[in-house]
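See structure below.
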Amino acid sequence: MKKSIVITIFSAAFIVSCGPKSTAVTGPKFSSAENLAQGKTVFENSCNRCHKLPDPAKHDDQGWIKTLSRMAPKAKLTDEQHQMVYDYLISVNNK
């Protein structure tokens with residue numbers, strides 16, 4: 001009985017950590033100041049719930065696509081929010 005409970009818990013944790021990846025972003029889309037400001041707001045409010053905000057310079061454009069495709073589902077971002085966060089990050093990124 002204990003063994004089956006432990007297996008169930010570990011299986012659930014694995015599924016959550018390796019869950020679906022978002023593929024909404026393939027490159028820049030939004031460039032208006034309004035959309036970039038919305039992307040910043042979503043980034044600050046959504047990402048900060050679980051961890052310290054990463055420095056936008058941490059990744060290049062492709063690195064952010066990869067990172068956000070993994071993190072956006074965990075943050076429950078819509079495809080549009082995902083895109084706005086990406087566009088904000090690359091707009092302030094120095095890489």
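Ligands are numbered from 1 in the order shown, chains are lettered A, B, ... in the order of the structure tokens, and residues start at 1 in each chain.
Every protein, DNA or RNA residue with an atom at most 12 Å from Thr41 in chain A, where only C-alpha atoms count and chain neighbours fewer than 6 positions away do not, is listed here: A:Glu34, A:Asn35, A:Cys47, A:Asn48, A:Leu53, A:Gln81, A:His82, A:Met84, A:Val85, A:Tyr86, A:Tyr88, A:Leu89.
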